[in-house]
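S.K.: Quick one: the structure is below, questions incoming.
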Amino acid sequence: MSKDSPALKPATIAVKAGRPDRQPDQPLNTPLVMASTYVAGGDLEYGRYGNPTWTAFEEALGALEGGRCLSFASGLAAVSTVLDLVGNDSIVVAPQHAYNGTVMQLADLESRGRLRARLVDITDTDAVVAACEDAALVWLESPTNPALEVADIPTIRGAAHDAGAYVVVDNTFATPLLQQPLDLGVDLVIHSATKFLSGHSDVLLGAVVTRNDQLYDVLKGRRDLIGAIPGTLEAWLALRGLRTLHLRVERAQTNTQELVRRLEAHPAVSEVRYPGLGAIVSIVLAQGALAADLLTHKTKLWVHATSLGGVESTFERRRRWKTEPATIPDALVRMSVGIEDVDDLWADLETALGDLS
Ligand SMILES: Cc1ncc(COP(=O)(O)O)c(C=O)c1O
């Protein structure tokens, strides 16, 4: 594309980015490069430092988020590498309802004296702004998993930067199609690419994206040293999944909005949590935790499974995990809406909801 070409839209970027040069006999897709080492003298040298298949995925996600991307072995490997940016005894502000693995990682680091975690209610912007004072890193997840709370990213980002802190957004739920945090001025975006980006429940992968070259270099250096690198097949599958991200998110979101409308009117459901975008919705069952567990075992289409963001609809009662905080309602079921026909999804749910007692 020439410099004067109009900026491409996200759907086009998802299809086009991260391809080999358009030359005769080049494959359309970047191949799976299975290599632990490379002929010396180039940029790659060794398989822990780089891989053309990772690079193709990183180019595509980087283009969608508007920054430079590094892929990691999993979302939590990306989280861990970013948390490692802060100095000893630094304060990290984070949502009390961030993804449980992130909160557990913070607790683990705190228990070993590595940093101090300051957990906040991310919907209370004044409290978050106050908490930013003397922080080194402000971690945002918006919407949160599974409480589906939304943060005022621009206001918190401003307060965090005034305090000299870096700001990270875990953009796993929204995807770059619905929210581009780097455009809101944050320093880093992280993803569990395991979820919507890959989209087929067959890959574990993580990613960090930034516009800050210095941060990129530090994180790349950490990845080289720690070795939390993606598998080649995983990166290839994730890129293949990314090609249809816009179609999957559009369809799953339309399904979700229709299901939310129907769930809100159902007497067995006492609360529906949905921030108005994306394909994750949490419901609270009026008859309590037992009914919530029962629901997850009574459906034929909806699969009882953890994780989210796949083409198939899945759900689980989150408090079945002992590590889930007590502030998440006992009868809350997190639903990841897929791309099936919405009437089939509803019929399955409605039958199970009517059969709970
Ligand atoms: C919002 C969010 N961030 C991070 C992670 C961790 O990602 P992974 O499971 O790929 O390590 C998850 C996983 O569920 C998640 O939901």
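The chains in the structure tokens are called A, B, ... from first to last as shown; in each chain the residues are counted from 1, and the ligands are counted from 1 in the order shown.
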Listing only residues of segment 5-115 of chain A within 10 Å of segment 119-135 of chain A, what is the closest atom pair and its distance in Å (to one decimal) for each, using only C-alpha atoms, sorted by chain and residue number ascending, as CSV?

M.R.:
residue,atom,partner,partner_atom,distance
A:Val86,CA,A:Ala135,CA,9.8
A:Ser90,CA,A:Ala135,CA,6.9
A:Ile91,CA,A:Ala135,CA,4.7
A:Val92,CA,A:Ala135,CA,5.8
A:Val93,CA,A:Leu119,CA,5.9
A:Ala94,CA,A:Leu119,CA,5.0
A:Pro95,CA,A:Val120,CA,5.0
A:Gln96,CA,A:Leu119,CA,4.8
A:His97,CA,A:Asp121,CA,7.6
A:Ala98,CA,A:Ile122,CA,9.0
A:Val103,CA,A:Leu119,CA,8.6
A:Leu106,CA,A:Leu119,CA,9.6

S.K.: Sort by chain and increasing residue number a table of all residues of chain A within 8 Å of ligand 1, each with its closest pair of atoms and their distance in Å to one decimal, counting only C-alpha atoms and all ligand atoms, and write it as a tab-separated table.

M.R.:
residue	atom	partner	partner_atom_place_in_ligand_line	distance
A:Ala73	CA	ligand 1	11 (O)	7.8
A:Ser74	CA	ligand 1	10 (O)	4.1
A:Gly75	CA	ligand 1	7 (O)	3.4
A:Leu76	CA	ligand 1	11 (O)	3.8
A:Ala77	CA	ligand 1	11 (O)	6.4
A:Ala78	CA	ligand 1	11 (O)	7.9
A:Val79	CA	ligand 1	4 (C)	7.2
A:Ala98	CA	ligand 1	1 (C)	7.1
A:Tyr99	CA	ligand 1	1 (C)	5.0
A:Asn100	CA	ligand 1	15 (C)	7.9
A:Gly101	CA	ligand 1	6 (C)	6.4
A:Thr102	CA	ligand 1	4 (C)	6.8
A:Glu141	CA	ligand 1	1 (C)	6.9
A:Thr144	CA	ligand 1	1 (C)	6.7
A:Asn145	CA	ligand 1	1 (C)	5.6
A:Asp170	CA	ligand 1	3 (N)	6.1
A:Asn171	CA	ligand 1	1 (C)	7.1
A:Thr172	CA	ligand 1	1 (C)	5.1
A:Phe173	CA	ligand 1	1 (C)	6.2
A:Ile190	CA	ligand 1	3 (N)	7.8
A:His191	CA	ligand 1	3 (N)	6.3
A:Ser192	CA	ligand 1	7 (O)	4.1
A:Ala193	CA	ligand 1	10 (O)	6.2
A:Thr194	CA	ligand 1	10 (O)	4.8
A:Lys195	CA	ligand 1	10 (O)	7.2
A:Leu204	CA	ligand 1	10 (O)	5.2
A:Leu205	CA	ligand 1	10 (O)	5.3
A:Gly206	CA	ligand 1	10 (O)	5.6
A:Thr306	CA	ligand 1	14 (O)	7.9
A:Ser307	CA	ligand 1	14 (O)	5.3
A:Leu308	CA	ligand 1	14 (O)	7.2

S.K.: Residues of segment 86-132 of chain A classed as alpha helix (DSSP H) by DSSP on the backbone are to be reported as a ChimeraX atom specification.

M.R.: /A:100-111,125-131

S.K.: Go ahead and compute the interatomic distance for atom CA of Lys16 of chain A and atom CA of Ser198 of chain A, in Å to one decimal.

M.R.: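 Those two atoms sit 16.1 Å apart.
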
S.K.: With only C-alpha atoms as the basis for distance, which of A:Ala40, A:Leu294, A:Val333, A:Ile283 is at the shortest distance from Trp321 of chain A?

M.R.: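 With only C-alpha atoms as the atom set, the closest residue is A:Val333.
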
S.K.: Taking into account only C-alpha atoms, which residue in the set A:Thr81, A:Gln253, A:Asn29, A:Ser5 is nearest to Lys220 of chain A?

M.R.: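 Comparing A:Thr81, A:Gln253, A:Asn29, A:Ser5 against Lys220 of chain A, the winner is A:Thr81.
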
S.K.: Which residues are close to Pro31 of chain A, i.e. within 8 Å by only C-alpha atoms, leaving aside same-chain residues fewer than 4 positions away? Reply as a PDB file with C-alpha atoms, in the first residue's frame.

M.R.:
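Written file, selection_24.pdb:
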ATOM      1  CA  PRO A  27       2.436 -19.106  -0.306  1.00  0.00           C
ATOM      2  CA  THR A  53       5.293 -17.871  12.235  1.00  0.00           C
ATOM      3  CA  TRP A 236      -0.160 -20.444  13.206  1.00  0.00           C
TER       4      TRP A 236
END

S.K.: Might you pull out every residue within 9 Å of segment 289-293 of chain A, with only C-alpha atoms counted and same-chain residues fewer than 6 positions away left off, and present them as a list in words?

M.R.: Glu316, Arg317, Arg319, Arg320, Pro329, Asp330, Ala331, Leu332, Val333, Leu353, Leu356 and Ser357 of chain A

S.K.: Please dump the current selection as an mmCIF file, in the first residue's frame; keep all heavy atoms.

M.R.:
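Done, and the output landed in again-v2.cif:
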data_model
loop_
_atom_site.group_PDB
_atom_site.id
_atom_site.type_symbol
_atom_site.label_atom_id
_atom_site.label_comp_id
_atom_site.auth_asym_id
_atom_site.auth_seq_id
_atom_site.Cartn_x
_atom_site.Cartn_y
_atom_site.Cartn_z
ATOM 1 N N GLU A 316 -20.238 -21.775 32.716
ATOM 2 C CA GLU A 316 -19.888 -22.426 33.975
ATOM 3 C C GLU A 316 -20.289 -21.540 35.142
ATOM 4 O O GLU A 316 -20.337 -20.311 35.022
ATOM 5 C CB GLU A 316 -18.383 -22.721 34.053
ATOM 6 C CG GLU A 316 -17.511 -21.487 34.137
ATOM 7 C CD GLU A 316 -16.050 -21.793 34.418
ATOM 8 O OE1 GLU A 316 -15.738 -22.909 34.841
ATOM 9 O OE2 GLU A 316 -15.224 -20.886 34.198
ATOM 10 N N ARG A 317 -20.553 -22.185 36.284
ATOM 11 C CA ARG A 317 -20.749 -21.425 37.529
ATOM 12 C C ARG A 317 -19.359 -21.091 38.054
ATOM 13 O O ARG A 317 -18.575 -21.995 38.330
ATOM 14 C CB ARG A 317 -21.522 -22.272 38.564
ATOM 15 C CG ARG A 317 -21.807 -21.502 39.844
ATOM 16 C CD ARG A 317 -22.691 -22.281 40.783
ATOM 17 N NE ARG A 317 -22.003 -23.346 41.471
ATOM 18 C CZ ARG A 317 -21.288 -23.203 42.609
ATOM 19 N NH1 ARG A 317 -21.187 -22.019 43.187
ATOM 20 N NH2 ARG A 317 -20.693 -24.234 43.156
ATOM 21 N N ARG A 319 -18.146 -19.813 40.806
ATOM 22 C CA ARG A 319 -17.709 -20.101 42.178
ATOM 23 C C ARG A 319 -17.425 -21.589 42.392
ATOM 24 O O ARG A 319 -17.046 -21.997 43.495
ATOM 25 C CB ARG A 319 -18.753 -19.576 43.180
ATOM 26 C CG ARG A 319 -18.761 -18.049 43.328
ATOM 27 C CD ARG A 319 -17.669 -17.528 44.276
ATOM 28 N NE ARG A 319 -17.841 -18.013 45.615
ATOM 29 C CZ ARG A 319 -18.701 -17.533 46.495
ATOM 30 N NH1 ARG A 319 -19.459 -16.502 46.172
ATOM 31 N NH2 ARG A 319 -18.806 -18.046 47.694
ATOM 32 N N ARG A 320 -17.601 -22.410 41.325
ATOM 33 C CA ARG A 320 -17.165 -23.805 41.492
ATOM 34 C C ARG A 320 -15.649 -23.855 41.673
ATOM 35 O O ARG A 320 -15.101 -24.830 42.168
ATOM 36 C CB ARG A 320 -17.618 -24.655 40.301
ATOM 37 C CG ARG A 320 -16.799 -24.524 39.046
ATOM 38 C CD ARG A 320 -17.459 -25.232 37.870
ATOM 39 N NE ARG A 320 -16.711 -25.045 36.636
ATOM 40 C CZ ARG A 320 -15.789 -25.892 36.174
ATOM 41 N NH1 ARG A 320 -15.497 -26.979 36.822
ATOM 42 N NH2 ARG A 320 -15.167 -25.652 35.038
ATOM 43 N N PRO A 329 -21.128 -13.528 42.960
ATOM 44 C CA PRO A 329 -22.270 -14.276 43.497
ATOM 45 C C PRO A 329 -22.128 -15.787 43.274
ATOM 46 O O PRO A 329 -21.653 -16.224 42.221
ATOM 47 C CB PRO A 329 -23.459 -13.710 42.712
ATOM 48 C CG PRO A 329 -23.024 -12.349 42.260
ATOM 49 C CD PRO A 329 -21.540 -12.443 42.049
ATOM 50 N N ASP A 330 -22.556 -16.521 44.308
ATOM 51 C CA ASP A 330 -22.454 -17.978 44.294
ATOM 52 C C ASP A 330 -23.227 -18.593 43.118
ATOM 53 O O ASP A 330 -22.868 -19.652 42.602
ATOM 54 C CB ASP A 330 -23.052 -18.479 45.618
ATOM 55 C CG ASP A 330 -22.390 -19.748 46.059
ATOM 56 O OD1 ASP A 330 -21.302 -20.065 45.543
ATOM 57 O OD2 ASP A 330 -22.976 -20.441 46.909
ATOM 58 N N ALA A 331 -24.307 -17.919 42.727
ATOM 59 C CA ALA A 331 -25.178 -18.474 41.676
ATOM 60 C C ALA A 331 -24.906 -17.817 40.322
ATOM 61 O O ALA A 331 -25.739 -17.883 39.420
ATOM 62 C CB ALA A 331 -26.634 -18.283 42.071
ATOM 63 N N LEU A 332 -23.713 -17.198 40.181
ATOM 64 C CA LEU A 332 -23.393 -16.541 38.896
ATOM 65 C C LEU A 332 -22.869 -17.565 37.884
ATOM 66 O O LEU A 332 -21.942 -18.333 38.172
ATOM 67 C CB LEU A 332 -22.366 -15.435 39.118
ATOM 68 C CG LEU A 332 -21.936 -14.629 37.881
ATOM 69 C CD1 LEU A 332 -21.714 -13.152 38.242
ATOM 70 C CD2 LEU A 332 -20.654 -15.188 37.245
ATOM 71 N N VAL A 333 -23.481 -17.559 36.716
ATOM 72 C CA VAL A 333 -23.030 -18.415 35.610
ATOM 73 C C VAL A 333 -22.492 -17.502 34.522
ATOM 74 O O VAL A 333 -23.196 -16.621 34.032
ATOM 75 C CB VAL A 333 -24.195 -19.265 35.053
ATOM 76 C CG1 VAL A 333 -23.747 -20.055 33.818
ATOM 77 C CG2 VAL A 333 -24.715 -20.211 36.127
ATOM 78 N N LEU A 353 -33.608 -24.035 31.852
ATOM 79 C CA LEU A 353 -34.029 -23.088 32.897
ATOM 80 C C LEU A 353 -35.408 -23.457 33.461
ATOM 81 O O LEU A 353 -35.676 -23.250 34.645
ATOM 82 C CB LEU A 353 -34.099 -21.656 32.321
ATOM 83 C CG LEU A 353 -32.768 -20.910 32.120
ATOM 84 C CD1 LEU A 353 -32.974 -19.649 31.289
ATOM 85 C CD2 LEU A 353 -32.119 -20.583 33.466
ATOM 86 N N LEU A 356 -35.368 -26.590 36.492
ATOM 87 C CA LEU A 356 -34.325 -26.477 37.517
ATOM 88 C C LEU A 356 -34.715 -27.003 38.905
ATOM 89 O O LEU A 356 -33.854 -27.296 39.709
ATOM 90 C CB LEU A 356 -33.862 -25.023 37.648
ATOM 91 C CG LEU A 356 -33.030 -24.471 36.480
ATOM 92 C CD1 LEU A 356 -32.575 -23.058 36.752
ATOM 93 C CD2 LEU A 356 -31.816 -25.364 36.211
ATOM 94 N N SER A 357 -36.010 -27.076 39.182
ATOM 95 C CA SER A 357 -36.360 -27.431 40.555
ATOM 96 C C SER A 357 -36.485 -28.954 40.736
ATOM 97 O O SER A 357 -36.444 -29.703 39.784
ATOM 98 C CB SER A 357 -37.642 -26.732 40.969
ATOM 99 O OG SER A 357 -38.456 -26.562 39.848
#

S.K.: Quick one: residues within 12 Å of segment 55-58 of chain A, only C-alpha atoms counted, chain neighbours fewer than 6 positions away excluded, as number ranges by chain?

M.R.: A: 13-21, 28-33, 44, 49, 64-72, 191, 193, 197-198, 205-210, 229-243

S.K.: DSSP on the backbone, then: every residue of segment 120-218 of chain A marked strand (DSSP E or B), written as an mmCIF file with N, CA and C atoms, in the first residue's frame.

M.R.:
data_model
loop_
_atom_site.group_PDB
_atom_site.id
_atom_site.type_symbol
_atom_site.label_atom_id
_atom_site.label_comp_id
_atom_site.auth_asym_id
_atom_site.auth_seq_id
_atom_site.Cartn_x
_atom_site.Cartn_y
_atom_site.Cartn_z
ATOM 1 N N VAL A 120 -8.823 -2.763 43.686
ATOM 2 C CA VAL A 120 -9.835 -1.704 43.714
ATOM 3 C C VAL A 120 -11.110 -2.161 42.996
ATOM 4 N N LEU A 137 2.370 0.750 38.481
ATOM 5 C CA LEU A 137 1.655 0.104 37.381
ATOM 6 C C LEU A 137 0.170 0.079 37.729
ATOM 7 N N VAL A 138 -0.643 0.477 36.758
ATOM 8 C CA VAL A 138 -2.097 0.395 36.960
ATOM 9 C C VAL A 138 -2.630 -0.622 35.955
ATOM 10 N N TRP A 139 -3.181 -1.697 36.496
ATOM 11 C CA TRP A 139 -3.663 -2.810 35.670
ATOM 12 C C TRP A 139 -5.166 -2.647 35.495
ATOM 13 N N LEU A 140 -5.614 -2.597 34.256
ATOM 14 C CA LEU A 140 -7.055 -2.521 34.013
ATOM 15 C C LEU A 140 -7.484 -3.734 33.210
ATOM 16 N N GLU A 141 -8.682 -4.178 33.521
ATOM 17 C CA GLU A 141 -9.300 -5.215 32.690
ATOM 18 C C GLU A 141 -10.709 -4.687 32.490
ATOM 19 N N TYR A 166 2.811 3.192 34.669
ATOM 20 C CA TYR A 166 2.396 2.605 33.391
ATOM 21 C C TYR A 166 0.962 2.090 33.531
ATOM 22 N N VAL A 167 0.251 2.089 32.405
ATOM 23 C CA VAL A 167 -1.130 1.576 32.406
ATOM 24 C C VAL A 167 -1.242 0.418 31.416
ATOM 25 N N VAL A 168 -1.818 -0.668 31.904
ATOM 26 C CA VAL A 168 -2.018 -1.871 31.090
ATOM 27 C C VAL A 168 -3.521 -2.136 31.001
ATOM 28 N N VAL A 169 -3.988 -2.545 29.836
ATOM 29 C CA VAL A 169 -5.382 -3.007 29.730
ATOM 30 C C VAL A 169 -5.386 -4.444 29.214
ATOM 31 N N ASP A 170 -6.020 -5.326 29.971
ATOM 32 C CA ASP A 170 -6.289 -6.678 29.474
ATOM 33 C C ASP A 170 -7.529 -6.567 28.587
ATOM 34 N N LEU A 188 0.265 -0.360 27.470
ATOM 35 C CA LEU A 188 0.355 -1.767 27.077
ATOM 36 C C LEU A 188 -1.034 -2.386 27.016
ATOM 37 N N VAL A 189 -1.225 -3.258 26.043
ATOM 38 C CA VAL A 189 -2.445 -4.063 25.969
ATOM 39 C C VAL A 189 -2.008 -5.512 26.084
ATOM 40 N N ILE A 190 -2.728 -6.280 26.890
ATOM 41 C CA ILE A 190 -2.415 -7.708 26.896
ATOM 42 C C ILE A 190 -3.654 -8.494 26.475
ATOM 43 N N HIS A 191 -3.404 -9.707 25.971
ATOM 44 C CA HIS A 191 -4.490 -10.583 25.543
ATOM 45 C C HIS A 191 -4.236 -12.005 26.001
ATOM 46 N N SER A 192 -5.306 -12.669 26.391
ATOM 47 C CA SER A 192 -5.301 -14.120 26.329
ATOM 48 C C SER A 192 -5.788 -14.423 24.914
ATOM 49 N N GLY A 206 -0.678 -16.099 24.410
ATOM 50 C CA GLY A 206 -0.843 -14.761 24.981
ATOM 51 C C GLY A 206 -0.157 -13.731 24.121
ATOM 52 N N ALA A 207 -0.454 -12.454 24.377
ATOM 53 C CA ALA A 207 0.184 -11.391 23.588
ATOM 54 C C ALA A 207 0.223 -10.100 24.386
ATOM 55 N N VAL A 208 1.238 -9.281 24.081
ATOM 56 C CA VAL A 208 1.340 -7.921 24.606
ATOM 57 C C VAL A 208 1.537 -7.010 23.409
ATOM 58 N N VAL A 209 0.876 -5.852 23.422
ATOM 59 C CA VAL A 209 1.039 -4.879 22.335
ATOM 60 C C VAL A 209 1.355 -3.516 22.940
ATOM 61 N N THR A 210 2.294 -2.803 22.342
ATOM 62 C CA THR A 210 2.663 -1.476 22.839
ATOM 63 C C THR A 210 3.130 -0.587 21.689
#

S.K.: Considering only C-alpha atoms, state which residue in the set A:Leu184, A:Leu245, A:Val218, A:Leu345 is at the smallest distance from Pro10 of chain A.

M.R.: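 Using only C-alpha atoms, Pro10 of chain A sits closest to A:Leu245.
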
S.K.: Return the single residue from A:Val39, A:Leu177, A:Ala117, A:Val260 that is closest to Ile280 of chain A, with distances computed using only C-alpha atoms.

M.R.: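 Distance minimum relative to Ile280 of chain A lands on A:Val260.
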
S.K.: Which one is closest to Ala279 of chain A: A:Arg222, A:Arg248, A:Lys298, A:Lys9? Count only C-alpha atoms.

M.R.: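 Among A:Arg222, A:Arg248, A:Lys298, A:Lys9, it is A:Arg248 that comes nearest to Ala279 of chain A.
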